[in-house]
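To start, the structure under review is shown below, and the notes come after it.
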Amino acid sequence: MLLTITVTASPAMPVARDLGFLLHKHPDRAQSSEVFGGTAHVLWPEADEARATAALLLDVDTAALQRSRGRRETPEGFALADHVNDRPYAASSLLSVALGKVFRTALAGRCDARPELPGEPFPLEVHVPSLVSRGGAALVRRLFEPLGWDVEARTEPLDPQVPEWGESRVVDVHLRGTLRLADALGQLYVLLPVLDDAKHYWVSFDEVDKLVRAGGDWLPSHPDRELVMTRYLRHQRSLVRDAVARLDDVEGLPCPALVDDTAAASTTAGAGRAEPLAVLRREAVLAVLREAGAASVVDLGCGEGGLVRELLRDPRFTRVVGADVSARELDKAARRIGTDRLPDTVAARLELLQTSATYRDERLAGVDAVTLVEVVEHLDPPRLPALERSVFAHARPRTVVVTTPNAEHNVRYPALAAGAFRHPDHRFEWTRSEFAAWASEVAGRHGYVVVVSPVGQDDGEVGPPTQMAVFTRRETSDVTEGAA
């Protein structure tokens, strides 16, 4: 297997040989490392001031690879395909593992000798002459072009003499673009096994951590992110759900905001692992909407569409509206949901609207339910009465679901300083009594009954990480808007 990375001199890297600093490999000598399945060699076909090429060559030991898989029973006692295949030659998940080990420091974006280099994008060319793609050249383009690469992908017929056999699954790939080296390596690390769609090792929850580390900067906004996650995690639904929740929580947030990533959640039966809080929130909201019999739902402050996507998967929700004040967030939601690839019957149920939670909007009136999932705490307190009027007095759905952090639970997050909020954009965070008081006053003013319940593990001392209020409209009420 072969992969080459070529750099041409540019203002960001005037001396192309400096690629050796980033890769932590000296251009004047070859280096070899033992990796799973064989030996990885780093060679330099060229290395001068104008142009430098580093080649990663993986010499696969097919016998050792077969031994690592253990014995398998076959009818004849011998499987020829285990010994005669394209594994030693066509890039796959084996090359991804080698890349992750040999270029580990470069993948992390660190260069102690030249600390200014990792943050600079510069012209790169990547060539993988034999790349397994279960989806052909078209899938290579689909995965790499949204990341800023100019992609040249070419397949060959299985046999030029027998054209009816069709095209080979092996693709000759050239990628050209101006990127940071760490970003390019991270994309290759993730997408090589995605294209192969056949990882050679057992996939567990550790793979979710690897995916988030390597793809956290670019995967959340990738139009095919669900395909990437599904293939990378070998179609294991529980792992994919975990990855979705992790990426929903981490995108655009600084490290201190990651405190509720997986903490304070209930343990999955038999797995010994906590469900991410983002997943628990969505499941709790969906359960309320289903029990209420809602058919039309507005997710107000939908962000990048995590809940909207789940609503669309359930046909009982015949009208799903994702509403947000930010056009940029709605564009991300459209890419994440894949609006251009939805079946017509699903697309007909979806609307994405730019609007504010604090202004009356006739398009939101008359729906069965409105959800505000982790939204109210992003408003300045003086704007809360305006939200109250727009949702409870004007739209007046039968059901309103509001979730918000429980400030008392913050002491369970060691990463949070005393008195700090979970997200830098939060304007406040309510205690349980403060949230219950606000919910009760709103319900009383507008003719609703409200029930407050926990989401996540309910700590006996400080309560749950998230609190949820479910407002149900009284069918007959002479309550007026009053002081709202």
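Ordering of the structure tokens sets the chain letters (A, B, ...); residue numbers start at 1 within each chain; ligands are numbered from 1 in the order shown.
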For Gly135 (chain A), list every protein, DNA or RNA residue within 9 Å, evaluated using only C-alpha atoms, and leave out those in the same chain fewer than 3 positions away; present the list as a short mmCIF file (atom, residue, chain, number, x, y, z; two decimals) with N, CA and C atoms, in the first residue's frame.
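Result file part.cif:
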data_model
loop_
_atom_site.label_atom_id
_atom_site.label_comp_id
_atom_site.auth_asym_id
_atom_site.auth_seq_id
_atom_site.Cartn_x
_atom_site.Cartn_y
_atom_site.Cartn_z
N ALA A 138 -17.00 7.96 -7.67
CA ALA A 138 -18.03 8.94 -7.28
C ALA A 138 -18.05 9.15 -5.78
N LEU A 139 -17.91 8.09 -5.00
CA LEU A 139 -17.92 8.23 -3.55
C LEU A 139 -16.67 8.94 -3.06
N VAL A 140 -15.54 8.70 -3.69
CA VAL A 140 -14.32 9.43 -3.32
C VAL A 140 -14.55 10.93 -3.47
N ARG A 169 -13.20 -2.01 -8.07
CA ARG A 169 -13.50 -1.21 -6.90
C ARG A 169 -12.26 -0.44 -6.43
N LEU A 195 -14.19 4.49 3.02
CA LEU A 195 -14.28 4.06 1.63
C LEU A 195 -14.19 2.54 1.50
N ASP A 196 -13.29 1.94 2.26
CA ASP A 196 -13.14 0.48 2.24
C ASP A 196 -14.38 -0.22 2.78
#
Pick out the residues sitting within 12 Å of region 146-163 of chain A, and hand them over as a PyMOL selection string; count only C-alpha atoms, and ignore anything fewer than 5 positions along from it in its own chain.
chain A and resi 121+123-141+168-180+183-184+186-188+191+215+217-225+335
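Close contacts of Val451 (chain A), defined as residues with an atom at most 10 Å away when counting only C-alpha atoms, with chain neighbours fewer than 4 positions off set aside, comprise Val401, Ala436, Ala439, Ser440, Ala443, Met468, Ala469, Val470, Phe471 and Thr472 of chain A.
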Just to be explicit: take each residue in the selection above, keep N, CA and C atoms, and write the result as a PDB file, in the first residue's frame.
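Contents of the output file again-v8.pdb:
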ATOM      1  N   VAL A 401     -42.500  21.979  25.331  1.00  0.00           N
ATOM      2  CA  VAL A 401     -41.471  21.272  26.091  1.00  0.00           C
ATOM      3  C   VAL A 401     -40.241  22.173  26.179  1.00  0.00           C
ATOM      4  N   ALA A 436     -38.654  25.791  38.380  1.00  0.00           N
ATOM      5  CA  ALA A 436     -40.028  25.411  38.718  1.00  0.00           C
ATOM      6  C   ALA A 436     -40.897  26.644  38.940  1.00  0.00           C
ATOM      7  N   ALA A 439     -41.629  28.254  35.490  1.00  0.00           N
ATOM      8  CA  ALA A 439     -42.571  27.432  34.737  1.00  0.00           C
ATOM      9  C   ALA A 439     -43.984  27.555  35.296  1.00  0.00           C
ATOM     10  N   SER A 440     -44.095  27.564  36.618  1.00  0.00           N
ATOM     11  CA  SER A 440     -45.415  27.660  37.250  1.00  0.00           C
ATOM     12  C   SER A 440     -46.079  29.005  36.949  1.00  0.00           C
ATOM     13  N   ALA A 443     -47.206  29.048  33.239  1.00  0.00           N
ATOM     14  CA  ALA A 443     -48.386  28.198  33.057  1.00  0.00           C
ATOM     15  C   ALA A 443     -49.633  28.878  33.596  1.00  0.00           C
ATOM     16  N   MET A 468     -36.599  19.345  32.771  1.00  0.00           N
ATOM     17  CA  MET A 468     -37.537  19.483  31.652  1.00  0.00           C
ATOM     18  C   MET A 468     -38.912  19.852  32.179  1.00  0.00           C
ATOM     19  N   ALA A 469     -39.500  20.876  31.572  1.00  0.00           N
ATOM     20  CA  ALA A 469     -40.869  21.279  31.899  1.00  0.00           C
ATOM     21  C   ALA A 469     -41.768  20.961  30.714  1.00  0.00           C
ATOM     22  N   VAL A 470     -42.863  20.262  30.970  1.00  0.00           N
ATOM     23  CA  VAL A 470     -43.848  19.938  29.941  1.00  0.00           C
ATOM     24  C   VAL A 470     -45.121  20.712  30.242  1.00  0.00           C
ATOM     25  N   PHE A 471     -45.463  21.651  29.357  1.00  0.00           N
ATOM     26  CA  PHE A 471     -46.657  22.485  29.505  1.00  0.00           C
ATOM     27  C   PHE A 471     -47.767  21.902  28.641  1.00  0.00           C
ATOM     28  N   THR A 472     -48.933  21.688  29.233  1.00  0.00           N
ATOM     29  CA  THR A 472     -50.093  21.192  28.491  1.00  0.00           C
ATOM     30  C   THR A 472     -51.218  22.209  28.614  1.00  0.00           C
TER      31      THR A 472
END
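The two atoms in question, CA of Val321 (chain A) and CA of Val367 (chain A), are spaced 9.6 Å apart.
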As a count of residues only, please: the residues near Val391 (chain A) (cut-off 12 Å, only C-alpha atoms, same-chain neighbours under 2 positions excluded).
45
Using only C-alpha atoms, determine which residues lie at most 6 Å from region 46-62 of chain A, disregarding the query and same-chain residues fewer than 5 positions distant; provide the list as number ranges by chain.
A: 1-9, 15-17, 37-41, 88
May I have the residues from that selection written out with N, CA and C atoms, as an mmCIF file, in the first residue's frame?
data_model
loop_
_atom_site.group_PDB
_atom_site.id
_atom_site.type_symbol
_atom_site.label_atom_id
_atom_site.label_comp_id
_atom_site.auth_asym_id
_atom_site.auth_seq_id
_atom_site.Cartn_x
_atom_site.Cartn_y
_atom_site.Cartn_z
ATOM 1 N N MET A 1 0.857 -1.185 0.000
ATOM 2 C CA MET A 1 0.000 0.000 0.000
ATOM 3 C C MET A 1 0.888 1.228 0.000
ATOM 4 N N LEU A 2 0.456 2.237 -0.724
ATOM 5 C CA LEU A 2 1.270 3.434 -0.865
ATOM 6 C C LEU A 2 0.414 4.681 -0.760
ATOM 7 N N LEU A 3 0.933 5.674 -0.027
ATOM 8 C CA LEU A 3 0.316 6.993 0.070
ATOM 9 C C LEU A 3 1.443 8.010 0.047
ATOM 10 N N THR A 4 1.337 9.029 -0.794
ATOM 11 C CA THR A 4 2.359 10.074 -0.834
ATOM 12 C C THR A 4 1.743 11.425 -0.522
ATOM 13 N N ILE A 5 2.515 12.261 0.161
ATOM 14 C CA ILE A 5 2.119 13.625 0.503
ATOM 15 C C ILE A 5 3.185 14.554 -0.060
ATOM 16 N N THR A 6 2.768 15.466 -0.923
ATOM 17 C CA THR A 6 3.698 16.372 -1.596
ATOM 18 C C THR A 6 3.382 17.812 -1.227
ATOM 19 N N VAL A 7 4.441 18.566 -0.933
ATOM 20 C CA VAL A 7 4.320 19.983 -0.611
ATOM 21 C C VAL A 7 5.161 20.776 -1.593
ATOM 22 N N THR A 8 4.607 21.849 -2.106
ATOM 23 C CA THR A 8 5.373 22.793 -2.917
ATOM 24 C C THR A 8 5.602 24.054 -2.100
ATOM 25 N N ALA A 9 6.715 24.705 -2.333
ATOM 26 C CA ALA A 9 7.050 25.909 -1.579
ATOM 27 C C ALA A 9 5.965 26.972 -1.744
ATOM 28 N N VAL A 15 10.234 26.800 2.488
ATOM 29 C CA VAL A 15 11.149 25.688 2.227
ATOM 30 C C VAL A 15 10.358 24.391 2.324
ATOM 31 N N ALA A 16 10.175 23.715 1.197
ATOM 32 C CA ALA A 16 9.320 22.529 1.173
ATOM 33 C C ALA A 16 9.853 21.424 2.072
ATOM 34 N N ARG A 17 11.179 21.356 2.236
ATOM 35 C CA ARG A 17 11.758 20.322 3.090
ATOM 36 C C ARG A 17 11.269 20.412 4.535
ATOM 37 N N GLY A 37 -0.199 -5.765 11.196
ATOM 38 C CA GLY A 37 -0.315 -6.321 9.858
ATOM 39 C C GLY A 37 0.921 -6.216 9.004
ATOM 40 N N GLY A 38 2.015 -5.579 9.516
ATOM 41 C CA GLY A 38 3.206 -5.492 8.681
ATOM 42 C C GLY A 38 4.163 -4.415 9.142
ATOM 43 N N THR A 39 4.885 -3.824 8.196
ATOM 44 C CA THR A 39 5.902 -2.817 8.476
ATOM 45 C C THR A 39 5.613 -1.576 7.650
ATOM 46 N N ALA A 40 5.640 -0.410 8.301
ATOM 47 C CA ALA A 40 5.411 0.867 7.626
ATOM 48 C C ALA A 40 6.751 1.561 7.408
ATOM 49 N N HIS A 41 7.002 1.975 6.186
ATOM 50 C CA HIS A 41 8.233 2.672 5.819
ATOM 51 C C HIS A 41 7.887 4.095 5.388
ATOM 52 N N PRO A 88 -2.651 -6.692 0.370
ATOM 53 C CA PRO A 88 -1.296 -6.142 0.451
ATOM 54 C C PRO A 88 -1.071 -4.918 -0.430
#
All strand (DSSP E or B) residues (DSSP, backbone) inside region 271-364 of chain A, as a PyMOL selection string
chain A and resi 274+296-300+319-324+350-354
For Val320 (chain A), find every residue with an atom within 12 Å (counting only C-alpha atoms), except residues of its own chain fewer than 6 positions away, and show them as an NGL selection string.
:A and (289 or 294-300 or 302 or 305 or 307-314 or 346-353 or 364 or 367-371)
Limited to N, CA and C atoms, could you put the picked residues into a file as an mmCIF file, in the first residue's frame?
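Dumped to again.cif:
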data_model
loop_
_atom_site.group_PDB
_atom_site.id
_atom_site.type_symbol
_atom_site.label_atom_id
_atom_site.label_comp_id
_atom_site.auth_asym_id
_atom_site.auth_seq_id
_atom_site.Cartn_x
_atom_site.Cartn_y
_atom_site.Cartn_z
ATOM 1 N N LEU A 289 -43.545 14.087 23.181
ATOM 2 C CA LEU A 289 -44.301 14.438 21.975
ATOM 3 C C LEU A 289 -45.155 13.272 21.496
ATOM 4 N N ALA A 294 -48.714 14.555 19.325
ATOM 5 C CA ALA A 294 -48.423 15.690 18.450
ATOM 6 C C ALA A 294 -48.106 15.201 17.039
ATOM 7 N N ALA A 295 -48.671 15.879 16.055
ATOM 8 C CA ALA A 295 -48.363 15.577 14.655
ATOM 9 C C ALA A 295 -47.524 16.681 14.022
ATOM 10 N N SER A 296 -47.766 17.928 14.430
ATOM 11 C CA SER A 296 -46.990 19.065 13.918
ATOM 12 C C SER A 296 -46.150 19.631 15.054
ATOM 13 N N VAL A 297 -44.839 19.748 14.811
ATOM 14 C CA VAL A 297 -43.907 20.144 15.861
ATOM 15 C C VAL A 297 -42.970 21.223 15.336
ATOM 16 N N VAL A 298 -42.768 22.261 16.133
ATOM 17 C CA VAL A 298 -41.765 23.276 15.845
ATOM 18 C C VAL A 298 -40.642 23.143 16.867
ATOM 19 N N ASP A 299 -39.426 22.901 16.378
ATOM 20 C CA ASP A 299 -38.258 22.919 17.261
ATOM 21 C C ASP A 299 -37.679 24.326 17.180
ATOM 22 N N LEU A 300 -37.993 25.143 18.165
ATOM 23 C CA LEU A 300 -37.611 26.551 18.171
ATOM 24 C C LEU A 300 -36.208 26.682 18.753
ATOM 25 N N CYS A 302 -33.558 25.450 16.767
ATOM 26 C CA CYS A 302 -33.192 24.076 16.382
ATOM 27 C C CYS A 302 -31.697 23.889 16.196
ATOM 28 N N GLY A 305 -30.022 20.975 13.933
ATOM 29 C CA GLY A 305 -31.036 20.025 13.506
ATOM 30 C C GLY A 305 -30.994 18.649 14.114
ATOM 31 N N LEU A 307 -32.557 17.375 16.834
ATOM 32 C CA LEU A 307 -33.901 16.890 17.141
ATOM 33 C C LEU A 307 -34.750 16.802 15.877
ATOM 34 N N VAL A 308 -34.591 17.753 14.973
ATOM 35 C CA VAL A 308 -35.365 17.737 13.728
ATOM 36 C C VAL A 308 -35.123 16.440 12.970
ATOM 37 N N ARG A 309 -33.866 16.023 12.920
ATOM 38 C CA ARG A 309 -33.534 14.787 12.211
ATOM 39 C C ARG A 309 -34.242 13.592 12.827
ATOM 40 N N GLU A 310 -34.305 13.541 14.155
ATOM 41 C CA GLU A 310 -34.982 12.421 14.821
ATOM 42 C C GLU A 310 -36.489 12.467 14.593
ATOM 43 N N LEU A 311 -37.060 13.660 14.567
ATOM 44 C CA LEU A 311 -38.495 13.789 14.308
ATOM 45 C C LEU A 311 -38.853 13.290 12.909
ATOM 46 N N LEU A 312 -37.993 13.587 11.940
ATOM 47 C CA LEU A 312 -38.270 13.157 10.578
ATOM 48 C C LEU A 312 -38.237 11.644 10.438
ATOM 49 N N ARG A 313 -37.500 10.971 11.307
ATOM 50 C CA ARG A 313 -37.407 9.516 11.225
ATOM 51 C C ARG A 313 -38.681 8.835 11.701
ATOM 52 N N ASP A 314 -39.576 9.573 12.360
ATOM 53 C CA ASP A 314 -40.820 8.997 12.871
ATOM 54 C C ASP A 314 -41.980 9.542 12.047
ATOM 55 N N VAL A 346 -40.567 12.441 2.709
ATOM 56 C CA VAL A 346 -39.977 12.990 3.926
ATOM 57 C C VAL A 346 -39.748 14.486 3.776
ATOM 58 N N ALA A 347 -39.241 14.903 2.618
ATOM 59 C CA ALA A 347 -38.990 16.331 2.387
ATOM 60 C C ALA A 347 -40.270 17.143 2.508
ATOM 61 N N ALA A 348 -41.403 16.559 2.135
ATOM 62 C CA ALA A 348 -42.681 17.277 2.215
ATOM 63 C C ALA A 348 -43.091 17.570 3.652
ATOM 64 N N ARG A 349 -42.534 16.829 4.598
ATOM 65 C CA ARG A 349 -42.887 17.039 6.013
ATOM 66 C C ARG A 349 -41.996 18.080 6.688
ATOM 67 N N LEU A 350 -40.933 18.530 6.029
ATOM 68 C CA LEU A 350 -39.915 19.363 6.665
ATOM 69 C C LEU A 350 -40.002 20.812 6.213
ATOM 70 N N GLU A 351 -39.836 21.729 7.184
ATOM 71 C CA GLU A 351 -39.665 23.145 6.904
ATOM 72 C C GLU A 351 -38.524 23.666 7.769
ATOM 73 N N LEU A 352 -37.658 24.482 7.183
ATOM 74 C CA LEU A 352 -36.611 25.168 7.937
ATOM 75 C C LEU A 352 -36.875 26.660 7.819
ATOM 76 N N LEU A 353 -37.095 27.316 8.951
ATOM 77 C CA LEU A 353 -37.504 28.717 8.960
ATOM 78 C C LEU A 353 -36.534 29.552 9.775
ATOM 79 N N LEU A 364 -45.815 29.954 12.852
ATOM 80 C CA LEU A 364 -45.704 28.989 13.944
ATOM 81 C C LEU A 364 -47.017 28.797 14.692
ATOM 82 N N VAL A 367 -49.643 25.034 15.631
ATOM 83 C CA VAL A 367 -48.992 23.722 15.651
ATOM 84 C C VAL A 367 -49.365 22.980 16.924
ATOM 85 N N ASP A 368 -49.160 21.679 16.905
ATOM 86 C CA ASP A 368 -49.500 20.868 18.075
ATOM 87 C C ASP A 368 -48.507 21.067 19.222
ATOM 88 N N ALA A 369 -47.218 21.235 18.887
ATOM 89 C CA ALA A 369 -46.204 21.303 19.952
ATOM 90 C C ALA A 369 -45.057 22.208 19.532
ATOM 91 N N VAL A 370 -44.471 22.848 20.522
ATOM 92 C CA VAL A 370 -43.252 23.640 20.353
ATOM 93 C C VAL A 370 -42.231 23.125 21.353
ATOM 94 N N THR A 371 -41.010 22.904 20.889
ATOM 95 C CA THR A 371 -39.936 22.486 21.786
ATOM 96 C C THR A 371 -38.877 23.580 21.860
#
